[in-house]
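Enquirer: The file below is my_file21.pdb, PDB, C-alpha atoms:
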```
ATOM      1  CA  MET Y   4     -39.701  92.102 -85.879
ATOM      2  CA  ALA Y   5     -39.329  93.439 -89.410
ATOM      3  CA  GLN Y   6     -38.489  90.982 -92.142
ATOM      4  CA  PRO Y   7     -36.652  91.393 -95.466
ATOM      5  CA  SER Y   8     -38.877  92.658 -98.249
ATOM      6  CA  ASN Y   9     -39.272  90.238-101.161
ATOM      7  CA  PHE Y  10     -40.996  92.783-103.361
ATOM      8  CA  LYS Y  11     -38.719  93.117-106.372
ATOM      9  CA  VAL Y  12     -39.590  96.222-108.375
ATOM     10  CA  ILE Y  13     -39.552  98.817-105.602
ATOM     11  CA  GLY Y  14     -37.056  97.046-103.381
ATOM     12  CA  HIS Y  15     -33.908  98.755-102.113
ATOM     13  CA  ALA Y  16     -30.959  97.188-100.331
ATOM     14  CA  GLY Y  17     -31.808  96.636 -96.681
ATOM     15  CA  MET Y  18     -35.537  97.282 -97.092
ATOM     16  CA  ARG Y  19     -37.852  95.298 -94.803
ATOM     17  CA  THR Y  20     -41.549  95.006 -94.133
ATOM     18  CA  THR Y  21     -43.372  94.636 -90.840
ATOM     19  CA  PRO Y  22     -44.847  91.160 -90.192
ATOM     20  CA  ASP Y  23     -48.354  92.251 -91.205
ATOM     21  CA  GLY Y  24     -47.029  93.758 -94.448
ATOM     22  CA  SER Y  25     -48.530  97.172 -93.792
ATOM     23  CA  LEU Y  26     -45.286  99.136 -93.399
ATOM     24  CA  ILE Y  27     -41.896  99.345 -95.049
ATOM     25  CA  ILE Y  28     -38.709  99.969 -93.078
ATOM     26  CA  LYS Y  29     -36.294 101.637 -95.465
ATOM     27  CA  PRO Y  30     -32.673 102.528 -94.579
ATOM     28  CA  ALA Y  31     -32.156 106.118 -95.677
ATOM     29  CA  PHE Y  32     -29.392 108.589 -96.365
ATOM     30  CA  PRO Y  33     -29.481 111.694 -94.137
ATOM     31  CA  ALA Y  34     -30.722 113.885 -97.020
ATOM     32  CA  GLU Y  35     -33.716 111.616 -97.634
ATOM     33  CA  LEU Y  36     -34.575 111.582 -93.945
ATOM     34  CA  GLU Y  37     -34.328 115.384 -93.863
ATOM     35  CA  PHE Y  38     -36.636 115.686 -96.882
ATOM     36  CA  TYR Y  39     -39.345 113.497 -95.319
ATOM     37  CA  GLN Y  40     -39.122 115.408 -92.037
ATOM     38  CA  SER Y  41     -39.444 118.687 -93.980
ATOM     39  CA  LEU Y  42     -42.645 117.375 -95.544
ATOM     40  CA  ILE Y  43     -44.195 117.317 -92.084
ATOM     41  CA  LYS Y  44     -42.893 120.679 -90.902
ATOM     42  CA  ASP Y  45     -42.672 122.902 -93.996
ATOM     43  CA  PRO Y  46     -45.987 124.318 -95.309
ATOM     44  CA  TYR Y  47     -44.302 124.931 -98.675
ATOM     45  CA  LEU Y  48     -43.988 121.173 -99.196
ATOM     46  CA  ALA Y  49     -47.433 120.315 -97.813
ATOM     47  CA  PRO Y  50     -49.007 119.893-101.301
ATOM     48  CA  LEU Y  51     -46.678 116.932-101.891
ATOM     49  CA  ARG Y  52     -48.020 114.881 -98.991
ATOM     50  CA  PRO Y  53     -50.946 113.222-100.834
ATOM     51  CA  ILE Y  54     -48.763 112.211-103.810
ATOM     52  CA  ILE Y  55     -45.990 110.396-101.939
ATOM     53  CA  PRO Y  56     -46.124 107.328 -99.649
ATOM     54  CA  LYS Y  57     -47.232 108.148 -96.118
ATOM     55  CA  PHE Y  58     -44.284 108.874 -93.830
ATOM     56  CA  LEU Y  59     -44.897 107.572 -90.296
ATOM     57  CA  GLY Y  60     -41.602 108.306 -88.578
ATOM     58  CA  THR Y  61     -38.128 106.855 -88.133
ATOM     59  CA  LEU Y  62     -36.340 104.056 -86.339
ATOM     60  CA  PRO Y  63     -33.182 104.650 -84.273
ATOM     61  CA  PRO Y  64     -29.771 104.196 -85.906
ATOM     62  CA  GLU Y  65     -28.987 100.585 -86.708
ATOM     63  CA  ILE Y  66     -25.737  98.670 -86.745
ATOM     64  CA  PRO Y  67     -25.440  97.314 -90.266
ATOM     65  CA  ALA Y  68     -24.348  93.745 -90.881
ATOM     66  CA  ALA Y  69     -20.842  93.556 -92.307
ATOM     67  CA  SER Y  70     -21.761  90.974 -94.930
ATOM     68  CA  GLU Y  71     -24.647  88.986 -96.353
ATOM     69  CA  ASP Y  72     -23.434  85.936 -94.389
ATOM     70  CA  GLU Y  73     -23.534  87.892 -91.141
ATOM     71  CA  ALA Y  74     -26.974  89.264 -91.970
ATOM     72  CA  ALA Y  75     -28.282  85.740 -92.563
ATOM     73  CA  LYS Y  76     -26.674  84.484 -89.351
ATOM     74  CA  TRP Y  77     -28.407  87.089 -87.190
ATOM     75  CA  GLY Y  78     -31.669  87.216 -89.112
ATOM     76  CA  SER Y  79     -31.055  90.772 -90.230
ATOM     77  CA  VAL Y  80     -30.482  92.451 -93.582
ATOM     78  CA  LEU Y  81     -27.443  93.985 -95.218
ATOM     79  CA  ILE Y  82     -27.714  97.764 -94.844
ATOM     80  CA  PRO Y  83     -25.649  99.833 -97.308
ATOM     81  CA  PRO Y  84     -23.027 102.220 -95.911
ATOM     82  CA  GLY Y  85     -24.278 105.680 -95.058
ATOM     83  CA  ARG Y  86     -27.857 104.577 -94.376
ATOM     84  CA  THR Y  87     -27.857 104.136 -90.623
ATOM     85  CA  GLN Y  88     -31.348 105.437 -89.878
ATOM     86  CA  SER Y  89     -34.565 104.045 -91.301
ATOM     87  CA  LEU Y  90     -37.784 105.581 -92.556
ATOM     88  CA  ILE Y  91     -41.142 104.044 -91.691
ATOM     89  CA  LEU Y  92     -43.376 104.264 -94.768
ATOM     90  CA  GLU Y  93     -46.689 102.803 -95.804
ATOM     91  CA  ASN Y  94     -46.340  99.680 -97.923
ATOM     92  CA  LEU Y  95     -48.218 100.622-101.078
ATOM     93  CA  CYS Y  96     -48.448  97.083-102.408
ATOM     94  CA  ASN Y  97     -50.295  95.948 -99.284
ATOM     95  CA  ALA Y  98     -53.572  97.244-100.758
ATOM     96  CA  PHE Y  99     -53.283  94.810-103.699
ATOM     97  CA  SER Y 100     -53.502  91.073-104.123
ATOM     98  CA  LYS Y 101     -51.443  90.952-107.340
ATOM     99  CA  PRO Y 102     -49.773  94.349-107.811
ATOM    100  CA  ASN Y 103     -48.663  94.965-111.361
ATOM    101  CA  THR Y 104     -45.886  97.466-110.696
ATOM    102  CA  LEU Y 105     -43.848  99.893-112.789
ATOM    103  CA  ASP Y 106     -40.985 102.121-111.627
ATOM    104  CA  VAL Y 107     -40.425 105.069-113.996
ATOM    105  CA  LYS Y 108     -37.245 107.065-113.440
ATOM    106  CA  LEU Y 109     -38.074 110.750-113.886
ATOM    107  CA  GLY Y 110     -35.869 113.620-115.019
ATOM    108  CA  THR Y 111     -32.945 114.302-117.310
ATOM    109  CA  VAL Y 112     -30.206 114.934-114.727
ATOM    110  CA  PHE Y 113     -29.165 112.302-112.165
ATOM    111  CA  HIS Y 114     -26.368 114.020-110.273
ATOM    112  CA  ASP Y 115     -26.057 116.978-107.936
ATOM    113  CA  ASP Y 116     -23.239 119.142-106.590
ATOM    114  CA  MET Y 117     -22.184 116.429-104.147
ATOM    115  CA  THR Y 118     -21.757 113.707-106.781
ATOM    116  CA  ASP Y 119     -18.240 112.423-107.480
ATOM    117  CA  SER Y 120     -16.923 113.733-110.825
ATOM    118  CA  ASN Y 121     -16.417 110.239-112.267
ATOM    119  CA  LYS Y 122     -19.946 109.282-111.350
ATOM    120  CA  VAL Y 123     -21.240 112.506-112.930
ATOM    121  CA  LEU Y 124     -19.735 111.448-116.262
ATOM    122  CA  ARG Y 125     -21.324 107.993-116.003
ATOM    123  CA  MET Y 126     -24.726 109.451-115.169
ATOM    124  CA  GLN Y 127     -24.553 111.964-118.001
ATOM    125  CA  LYS Y 128     -23.687 109.130-120.380
ATOM    126  CA  THR Y 129     -26.620 107.043-119.129
ATOM    127  CA  SER Y 130     -28.997 109.979-119.599
ATOM    128  CA  ARG Y 131     -27.760 110.596-123.169
ATOM    129  CA  GLU Y 132     -27.810 106.949-124.223
ATOM    130  CA  THR Y 133     -31.235 106.111-122.822
ATOM    131  CA  THR Y 134     -34.668 107.691-123.164
ATOM    132  CA  SER Y 135     -34.062 109.975-120.172
ATOM    133  CA  LEU Y 136     -32.450 113.016-121.806
ATOM    134  CA  ARG Y 137     -35.040 113.545-124.547
ATOM    135  CA  THR Y 138     -38.184 112.396-122.743
ATOM    136  CA  GLY Y 139     -37.519 112.732-119.008
ATOM    137  CA  VAL Y 140     -38.496 109.086-118.423
ATOM    138  CA  ARG Y 141     -36.847 105.706-118.307
ATOM    139  CA  LEU Y 142     -38.816 102.511-117.702
ATOM    140  CA  THR Y 143     -36.651 101.247-114.868
ATOM    141  CA  GLU Y 144     -38.263  97.853-114.305
ATOM    142  CA  PHE Y 145     -41.726  96.356-114.049
ATOM    143  CA  GLN Y 146     -43.691  93.253-113.178
ATOM    144  CA  VAL Y 147     -46.983  91.933-114.533
ATOM    145  CA  TYR Y 148     -48.764  88.990-112.922
ATOM    146  CA  ASP Y 149     -49.514  85.779-114.755
ATOM    147  CA  ASN Y 150     -53.017  84.918-113.599
ATOM    148  CA  ALA Y 151     -52.529  81.240-114.361
ATOM    149  CA  THR Y 152     -49.557  80.863-112.011
ATOM    150  CA  SER Y 153     -50.262  83.854-109.714
ATOM    151  CA  LYS Y 154     -46.594  84.762-110.088
ATOM    152  CA  PRO Y 155     -45.161  88.019-111.481
ATOM    153  CA  LEU Y 156     -43.330  88.156-114.780
ATOM    154  CA  CYS Y 157     -40.474  90.600-114.220
ATOM    155  CA  THR Y 158     -38.855  92.847-116.817
ATOM    156  CA  PRO Y 159     -35.409  94.028-115.630
ATOM    157  CA  LYS Y 160     -33.729  97.428-115.669
ATOM    158  CA  SER Y 161     -31.665  96.417-118.683
ATOM    159  CA  TYR Y 162     -34.790  96.561-120.870
ATOM    160  CA  GLY Y 163     -35.504 100.186-120.004
ATOM    161  CA  LYS Y 164     -31.885 101.142-120.635
ATOM    162  CA  ALA Y 165     -31.839  99.443-124.021
ATOM    163  CA  ILE Y 166     -35.026 100.749-125.655
ATOM    164  CA  LYS Y 167     -35.232 103.884-127.792
ATOM    165  CA  GLU Y 168     -37.654 106.784-127.511
ATOM    166  CA  SER Y 169     -39.783 105.301-130.302
ATOM    167  CA  GLU Y 170     -40.157 102.064-128.286
ATOM    168  CA  LEU Y 171     -41.513 103.632-125.104
ATOM    169  CA  ALA Y 172     -45.115 103.172-126.197
ATOM    170  CA  HIS Y 173     -44.498  99.459-126.791
ATOM    171  CA  GLY Y 174     -42.852  99.190-123.385
ATOM    172  CA  LEU Y 175     -45.838 100.806-121.701
ATOM    173  CA  ALA Y 176     -48.186  98.462-123.576
ATOM    174  CA  GLN Y 177     -46.264  95.506-122.111
ATOM    175  CA  PHE Y 178     -46.988  96.851-118.638
ATOM    176  CA  PHE Y 179     -50.651  97.448-119.514
ATOM    177  CA  PRO Y 180     -51.525  94.316-121.511
ATOM    178  CA  VAL Y 181     -55.125  93.641-122.427
ATOM    179  CA  HIS Y 182     -56.383  90.081-122.065
ATOM    180  CA  HIS Y 183     -57.231  88.271-125.263
ATOM    181  CA  GLY Y 184     -57.772  84.687-126.325
ATOM    182  CA  SER Y 185     -55.792  82.186-124.280
ATOM    183  CA  SER Y 186     -53.473  84.807-122.780
ATOM    184  CA  THR Y 187     -52.893  84.444-119.036
ATOM    185  CA  ILE Y 188     -51.834  88.057-118.456
ATOM    186  CA  GLY Y 189     -53.719  91.317-118.712
ATOM    187  CA  LEU Y 190     -57.088  92.644-117.641
ATOM    188  CA  PRO Y 191     -60.233  92.688-119.805
ATOM    189  CA  ARG Y 192     -60.492  95.809-121.925
ATOM    190  CA  HIS Y 193     -63.556  97.098-120.038
ATOM    191  CA  THR Y 194     -61.551  96.984-116.781
ATOM    192  CA  LEU Y 195     -58.181  98.135-118.069
ATOM    193  CA  VAL Y 196     -59.380 101.318-119.794
ATOM    194  CA  PRO Y 197     -60.950 102.889-116.651
ATOM    195  CA  ILE Y 198     -57.803 102.007-114.707
ATOM    196  CA  LEU Y 199     -55.668 103.665-117.381
ATOM    197  CA  ARG Y 200     -57.871 106.752-117.234
ATOM    198  CA  GLY Y 201     -57.571 106.870-113.450
ATOM    199  CA  ILE Y 202     -53.789 106.520-113.606
ATOM    200  CA  ARG Y 203     -53.647 109.219-116.262
ATOM    201  CA  ASP Y 204     -55.706 111.561-114.072
ATOM    202  CA  SER Y 205     -53.461 110.773-111.109
ATOM    203  CA  ILE Y 206     -50.335 111.756-113.037
ATOM    204  CA  ALA Y 207     -52.025 114.947-114.251
ATOM    205  CA  ARG Y 208     -52.752 115.782-110.618
ATOM    206  CA  ILE Y 209     -49.135 115.079-109.639
ATOM    207  CA  ARG Y 210     -47.966 117.433-112.402
ATOM    208  CA  GLU Y 211     -50.393 120.103-111.175
ATOM    209  CA  VAL Y 212     -49.025 119.838-107.634
ATOM    210  CA  TYR Y 213     -45.370 119.611-108.644
ATOM    211  CA  SER Y 214     -45.167 122.268-111.365
ATOM    212  CA  PRO Y 215     -45.172 125.439-109.191
ATOM    213  CA  LEU Y 216     -42.660 124.119-106.636
ATOM    214  CA  GLU Y 217     -39.022 125.184-106.739
ATOM    215  CA  ILE Y 218     -37.570 121.832-105.777
ATOM    216  CA  ARG Y 219     -35.268 119.253-107.347
ATOM    217  CA  VAL Y 220     -35.900 115.526-107.015
ATOM    218  CA  ILE Y 221     -32.829 113.956-108.592
ATOM    219  CA  GLY Y 222     -33.169 110.244-109.243
ATOM    220  CA  GLY Y 223     -36.807 110.197-108.167
ATOM    221  CA  SER Y 224     -39.355 107.844-109.647
ATOM    222  CA  LEU Y 225     -43.013 107.602-110.504
ATOM    223  CA  LEU Y 226     -44.366 104.389-108.997
ATOM    224  CA  ILE Y 227     -47.462 102.957-110.685
ATOM    225  CA  MET Y 228     -49.402  99.980-109.318
ATOM    226  CA  TYR Y 229     -52.652  98.395-110.397
ATOM    227  CA  GLU Y 230     -54.509  95.227-109.467
ATOM    228  CA  ALA Y 231     -53.993  92.204-111.735
ATOM    229  CA  ASP Y 232     -56.752  90.080-110.204
ATOM    230  CA  TRP Y 233     -59.838  90.535-112.414
ATOM    231  CA  ASN Y 234     -62.470  90.398-109.695
ATOM    232  CA  LEU Y 235     -60.581  92.622-107.268
ATOM    233  CA  ALA Y 236     -59.770  95.175-109.974
ATOM    234  CA  GLU Y 237     -63.448  95.463-110.919
ATOM    235  CA  GLU Y 238     -64.474  95.624-107.263
ATOM    236  CA  GLY Y 239     -61.934  98.377-106.662
ATOM    237  CA  LEU Y 240     -63.244 100.377-109.605
ATOM    238  CA  ARG Y 241     -66.803 100.118-108.296
ATOM    239  CA  ARG Y 242     -65.567 101.392-104.949
ATOM    240  CA  VAL Y 243     -63.820 104.496-106.306
ATOM    241  CA  GLN Y 244     -65.924 105.360-109.356
ATOM    242  CA  PRO Y 245     -68.649 107.169-107.376
ATOM    243  CA  ARG Y 246     -65.879 109.681-106.753
ATOM    244  CA  SER Y 247     -63.460 111.061-109.309
ATOM    245  CA  LEU Y 248     -60.981 108.531-110.668
ATOM    246  CA  GLY Y 249     -58.168 111.044-110.214
ATOM    247  CA  ASN Y 250     -55.291 111.114-107.771
ATOM    248  CA  HIS Y 251     -57.244 110.944-104.523
ATOM    249  CA  ASP Y 252     -55.985 109.154-101.457
ATOM    250  CA  HIS Y 253     -58.104 106.000-101.499
ATOM    251  CA  SER Y 254     -56.914 104.822 -98.078
ATOM    252  CA  ASP Y 255     -60.325 105.558 -96.572
ATOM    253  CA  HIS Y 256     -61.614 102.656 -98.662
ATOM    254  CA  CYS Y 257     -59.018 100.344 -97.086
ATOM    255  CA  ARG Y 258     -59.265 100.786 -93.348
ATOM    256  CA  ASP Y 259     -58.924  97.025 -92.973
ATOM    257  CA  ARG Y 260     -55.523  96.488 -94.548
ATOM    258  CA  SER Y 261     -56.176  92.759 -94.831
ATOM    259  CA  GLN Y 262     -58.671  93.750 -97.537
ATOM    260  CA  ARG Y 263     -57.169  94.085-101.009
ATOM    261  CA  CYS Y 264     -59.160  96.941-102.360
ATOM    262  CA  LEU Y 265     -57.417  99.490-104.595
ATOM    263  CA  PRO Y 266     -57.703  99.298-108.382
ATOM    264  CA  TYR Y 267     -54.546 101.428-108.806
ATOM    265  CA  THR Y 268     -52.246 103.920-107.133
ATOM    266  CA  VAL Y 269     -49.593 106.370-108.365
ATOM    267  CA  LYS Y 270     -46.971 108.013-106.146
ATOM    268  CA  LEU Y 271     -43.680 109.890-106.351
ATOM    269  CA  VAL Y 272     -40.910 107.931-104.596
ATOM    270  CA  ASP Y 273     -37.161 108.007-103.918
ATOM    271  CA  PHE Y 274     -36.022 111.259-102.333
ATOM    272  CA  ALA Y 275     -32.392 110.493-101.485
ATOM    273  CA  HIS Y 276     -31.340 113.535-103.548
ATOM    274  CA  ALA Y 277     -34.284 115.902-103.095
ATOM    275  CA  ARG Y 278     -34.080 119.484-101.900
ATOM    276  CA  VAL Y 279     -35.870 122.824-101.994
ATOM    277  CA  CYS Y 280     -34.156 125.253-104.421
ATOM    278  CA  PRO Y 281     -35.520 128.789-103.952
ATOM    279  CA  GLY Y 282     -35.096 130.978-107.004
ATOM    280  CA  LEU Y 283     -34.252 128.163-109.462
ATOM    281  CA  GLY Y 284     -37.756 127.754-110.823
ATOM    282  CA  PRO Y 285     -39.653 124.510-111.480
ATOM    283  CA  ASP Y 286     -37.976 121.133-111.990
ATOM    284  CA  GLU Y 287     -38.191 121.036-115.788
ATOM    285  CA  GLY Y 288     -36.665 117.564-116.112
ATOM    286  CA  VAL Y 289     -39.261 115.900-113.898
ATOM    287  CA  LEU Y 290     -42.061 117.910-115.520
ATOM    288  CA  LEU Y 291     -40.863 116.754-118.943
ATOM    289  CA  GLY Y 292     -41.109 113.170-117.699
ATOM    290  CA  LEU Y 293     -44.614 113.652-116.343
ATOM    291  CA  ASN Y 294     -45.730 115.180-119.656
ATOM    292  CA  THR Y 295     -44.212 112.237-121.520
ATOM    293  CA  MET Y 296     -46.102 109.779-119.333
ATOM    294  CA  LEU Y 297     -49.374 111.612-120.012
ATOM    295  CA  LYS Y 298     -48.774 111.378-123.771
ATOM    296  CA  LEU Y 299     -47.895 107.692-123.548
ATOM    297  CA  LEU Y 300     -51.023 106.934-121.531
ATOM    298  CA  ASP Y 301     -53.179 108.933-123.944
ATOM    299  CA  GLY Y 302     -51.757 106.791-126.734
ATOM    300  CA  ARG Y 303     -52.413 103.518-124.916
ATOM    301  CA  ILE Y 304     -55.983 104.543-124.069
ATOM    302  CA  ALA Y 305     -56.595 105.486-127.717
ATOM    303  CA  GLU Y 306     -55.266 102.097-128.864
ATOM    304  CA  LEU Y 307     -57.636 100.222-126.592
ATOM    305  CA  GLU Y 308     -60.653 102.375-127.380
ATOM    306  CA  ASP Y 309     -60.131 101.972-131.123
ATOM    307  CA  PRO Y 310     -58.649  98.469-131.526
TER     308      PRO Y 310
END
```
As structure tokens, how would this structure be written, given the file I've shared?
Expert:
Amino acid sequence: MAQPSNFKVIGHAGMRTTPDGSLIIKPAFPAELEFYQSLIKDPYLAPLRPIIPKFLGTLPPEIPAASEDEAAKWGSVLIPPGRTQSLILENLCNAFSKPNTLDVKLGTVFHDDMTDSNKVLRMQKTSRETTSLRTGVRLTEFQVYDNATSKPLCTPKSYGKAIKESELAHGLAQFFPVHHGSSTIGLPRHTLVPILRGIRDSIARIREVYSPLEIRVIGGSLLIMYEADWNLAEEGLRRVQPRSLGNHDHSDHCRDRSQRCLPYTVKLVDFAHARVCPGLGPDEGVLLGLNTMLKLLDGRIAELEDP
């Protein structure tokens, strides 16, 4: 029996995990379900498969609980209207012991032709008044583990909406803190820098895959995770460093999912408003966001290499 997911940063209403934590059951809109099914069938979208969470199928339509009280009574979860079928996806955080996690909203436009006109105005206003319009990114929310308490310190969505373009680098540095002195958060510099380089290479690979495709992923995100536990992060780096540190699928290193083994992972997520758009050219808003992330990571790496 699936159970409600308590993972905060990438959680969506109604999301659950399987008892062993290996899979996520995510209620989906029909368009998102159609996009994931197209990934399997359409050779045009095949290059995207390694850079998104593994899609393992669907569950039959569910009857949503009418309220949170009813959901609690029957041991179920409150499923939002319109999401009556569920995706079965790999649970990315299952490969980590303490997953430091960042959700980066990509793009400059967050509405499509089906969006209500009032909502279009609100989304346009949000894009203008945040970092999205000029940079293609917004730091949606993130968590960084305190190694003294083994609990995550969470930074909410309101932070990402409030900061200016000039503050993005500081925001990224908060997600990638380096340990110093008596601090209880952050990895040692000699561990953090290779992880940053690997994440940077992963995003460069995602840009390479995404740039020639004529698709639109409206409201999609870049999900970044890395291990906060010092020993496991170093062990994970030793495991992947004989290969390239780029955006490879490291799942072959983690056949036993009870083993926490990845130093980092980067994936594109959230495809509720994704579609193929022949003739419209590349998705410039998402590509702008990916380029911004590469620049921000280059800056953070430079800071740590030349303290």
Enquirer: When distances are computed from all atoms listed in the file, which of Y:Leu307, Y:Leu297, Y:Leu265, Y:Ala165 shows the smallest separation from Y:Arg203?
Expert: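 For Y:Arg203, the nearest of the given residues is Y:Leu297.
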Enquirer: From the set Y:Tyr39, Y:Phe179, Y:Tyr148, Y:Phe113, which residue has the shortest atom-to-atom contact distance to Y:Ser224, counting all atoms listed in the file?
Expert: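 Among the listed residues, Y:Phe113 lies closest to Y:Ser224.
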Enquirer: Quick one, how far is atom CA of Y:Tyr213 from atom CA of Y:Arg52?
Expert: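 For atom CA of Y:Tyr213 relative to atom CA of Y:Arg52, the distance reads 11.1 Å.
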Enquirer: If you measure from atom CA of Y:Thr61 to atom CA of Y:Leu92, what distance in Å do you get, rounded to one decimal?
Expert: 8.8 Å
Enquirer: Which residues are close to Y:Leu51, i.e. within 8 Å by all atoms listed in the file, leaving aside same-chain residues fewer than 2 positions away? Reply as a list in words.
Expert: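 Neighbouring residues, sequence-local ones excluded: Leu42, Leu48, Ala49, Pro53, Ile54, Ile55, Val212 and Tyr213 of chain Y.
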Enquirer: Of the candidates Y:Ala151, Y:Ile218, Y:Leu105, Y:Ile209, which one gets nearest to Y:Ser185 if we count all atoms listed in the file?
Expert: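 Ranking Y:Ala151, Y:Ile218, Y:Leu105, Y:Ile209 by distance to Y:Ser185, first place goes to Y:Ala151.
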Enquirer: Hey, which of Y:Ser205, Y:Tyr267, Y:Asn94, Y:Leu299 ends up closest to Y:Glu170? Count all atoms listed in the file.
Expert: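 Under the stated criterion, the closest residue is Y:Leu299.
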Enquirer: Counting all atoms listed in the file, select every polymer residue within 10 Å of (-50.9, 104.4, -106.7) as defined in the file's coordinates, and provide the selection as a ChimeraX atom specification.
Expert: /Y:54-56,95-96,98,104,201-202,205-206,225-229,250-253,265-271
Enquirer: Kindly export the residues of the current selection with C-alpha atoms, as a short mmCIF file (atom, residue, chain, number, x, y, z; two decimals), in the coordinates of the input.
Expert:
```cif
data_model
loop_
_atom_site.label_atom_id
_atom_site.label_comp_id
_atom_site.auth_asym_id
_atom_site.auth_seq_id
_atom_site.Cartn_x
_atom_site.Cartn_y
_atom_site.Cartn_z
CA ILE Y 54 -48.76 112.21 -103.81
CA ILE Y 55 -45.99 110.40 -101.94
CA PRO Y 56 -46.12 107.33 -99.65
CA LEU Y 95 -48.22 100.62 -101.08
CA CYS Y 96 -48.45 97.08 -102.41
CA ALA Y 98 -53.57 97.24 -100.76
CA THR Y 104 -45.89 97.47 -110.70
CA GLY Y 201 -57.57 106.87 -113.45
CA ILE Y 202 -53.79 106.52 -113.61
CA SER Y 205 -53.46 110.77 -111.11
CA ILE Y 206 -50.34 111.76 -113.04
CA LEU Y 225 -43.01 107.60 -110.50
CA LEU Y 226 -44.37 104.39 -109.00
CA ILE Y 227 -47.46 102.96 -110.68
CA MET Y 228 -49.40 99.98 -109.32
CA TYR Y 229 -52.65 98.40 -110.40
CA ASN Y 250 -55.29 111.11 -107.77
CA HIS Y 251 -57.24 110.94 -104.52
CA ASP Y 252 -55.98 109.15 -101.46
CA HIS Y 253 -58.10 106.00 -101.50
CA LEU Y 265 -57.42 99.49 -104.60
CA PRO Y 266 -57.70 99.30 -108.38
CA TYR Y 267 -54.55 101.43 -108.81
CA THR Y 268 -52.25 103.92 -107.13
CA VAL Y 269 -49.59 106.37 -108.36
CA LYS Y 270 -46.97 108.01 -106.15
CA LEU Y 271 -43.68 109.89 -106.35
#
```
Enquirer: Excluding Y:Gly110 and residues on its chain fewer than 5 positions from it, collect all residues at most 6 Å away from it, counting only C-alpha atoms, and give them as a list in words.
Expert: Gly139, Gly288, Val289 and Gly292 of chain Y
Enquirer: Between atom CA of Y:Asp204 and atom CA of Y:Ile304, what is the spacing in Å?
Expert: 12.2 Å
Enquirer: Which one of Y:Leu90, Y:Leu283, Y:Ala231, Y:Leu293 sits closest to Y:Thr187 if you count all atoms listed in the file?
Expert: Y:Ala231
Enquirer: Any chance you could model N, CA, C and O atoms for stretch 191-201 of chain Y and send them as a PDB file, in the coordinates of the input?
Expert:
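File written: out.pdb
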```pdb
ATOM      1  N   PRO Y 191     -59.292  92.450-118.706  1.00  0.00           N
ATOM      2  CA  PRO Y 191     -60.233  92.688-119.805  1.00  0.00           C
ATOM      3  C   PRO Y 191     -60.235  94.174-120.176  1.00  0.00           C
ATOM      4  O   PRO Y 191     -60.011  95.044-119.331  1.00  0.00           O
ATOM      5  N   ARG Y 192     -60.510  94.440-121.433  1.00  0.00           N
ATOM      6  CA  ARG Y 192     -60.492  95.809-121.925  1.00  0.00           C
ATOM      7  C   ARG Y 192     -61.396  96.735-121.107  1.00  0.00           C
ATOM      8  O   ARG Y 192     -61.033  97.865-120.790  1.00  0.00           O
ATOM      9  N   HIS Y 193     -62.601  96.241-120.738  1.00  0.00           N
ATOM     10  CA  HIS Y 193     -63.556  97.098-120.038  1.00  0.00           C
ATOM     11  C   HIS Y 193     -63.095  97.438-118.617  1.00  0.00           C
ATOM     12  O   HIS Y 193     -63.617  98.365-118.003  1.00  0.00           O
ATOM     13  N   THR Y 194     -62.128  96.680-118.095  1.00  0.00           N
ATOM     14  CA  THR Y 194     -61.551  96.984-116.781  1.00  0.00           C
ATOM     15  C   THR Y 194     -60.287  97.812-116.922  1.00  0.00           C
ATOM     16  O   THR Y 194     -60.050  98.761-116.160  1.00  0.00           O
ATOM     17  N   LEU Y 195     -59.469  97.465-117.911  1.00  0.00           N
ATOM     18  CA  LEU Y 195     -58.181  98.135-118.069  1.00  0.00           C
ATOM     19  C   LEU Y 195     -58.328  99.603-118.455  1.00  0.00           C
ATOM     20  O   LEU Y 195     -57.594 100.458-117.930  1.00  0.00           O
ATOM     21  N   VAL Y 196     -59.259  99.926-119.330  1.00  0.00           N
ATOM     22  CA  VAL Y 196     -59.380 101.318-119.794  1.00  0.00           C
ATOM     23  C   VAL Y 196     -59.717 102.277-118.651  1.00  0.00           C
ATOM     24  O   VAL Y 196     -59.080 103.331-118.520  1.00  0.00           O
ATOM     25  N   PRO Y 197     -60.710 101.978-117.778  1.00  0.00           N
ATOM     26  CA  PRO Y 197     -60.950 102.889-116.651  1.00  0.00           C
ATOM     27  C   PRO Y 197     -59.749 103.018-115.712  1.00  0.00           C
ATOM     28  O   PRO Y 197     -59.506 104.095-115.157  1.00  0.00           O
ATOM     29  N   ILE Y 198     -58.997 101.930-115.541  1.00  0.00           N
ATOM     30  CA  ILE Y 198     -57.803 102.007-114.707  1.00  0.00           C
ATOM     31  C   ILE Y 198     -56.767 102.923-115.363  1.00  0.00           C
ATOM     32  O   ILE Y 198     -56.143 103.761-114.694  1.00  0.00           O
ATOM     33  N   LEU Y 199     -56.594 102.783-116.665  1.00  0.00           N
ATOM     34  CA  LEU Y 199     -55.668 103.665-117.381  1.00  0.00           C
ATOM     35  C   LEU Y 199     -56.088 105.130-117.253  1.00  0.00           C
ATOM     36  O   LEU Y 199     -55.238 106.012-117.055  1.00  0.00           O
ATOM     37  N   ARG Y 200     -57.382 105.372-117.366  1.00  0.00           N
ATOM     38  CA  ARG Y 200     -57.871 106.752-117.234  1.00  0.00           C
ATOM     39  C   ARG Y 200     -57.610 107.282-115.822  1.00  0.00           C
ATOM     40  O   ARG Y 200     -57.231 108.443-115.639  1.00  0.00           O
ATOM     41  N   GLY Y 201     -57.823 106.452-114.823  1.00  0.00           N
ATOM     42  CA  GLY Y 201     -57.571 106.870-113.450  1.00  0.00           C
ATOM     43  C   GLY Y 201     -56.100 107.157-113.207  1.00  0.00           C
ATOM     44  O   GLY Y 201     -55.737 108.140-112.548  1.00  0.00           O
TER      45      GLY Y 201
END
```
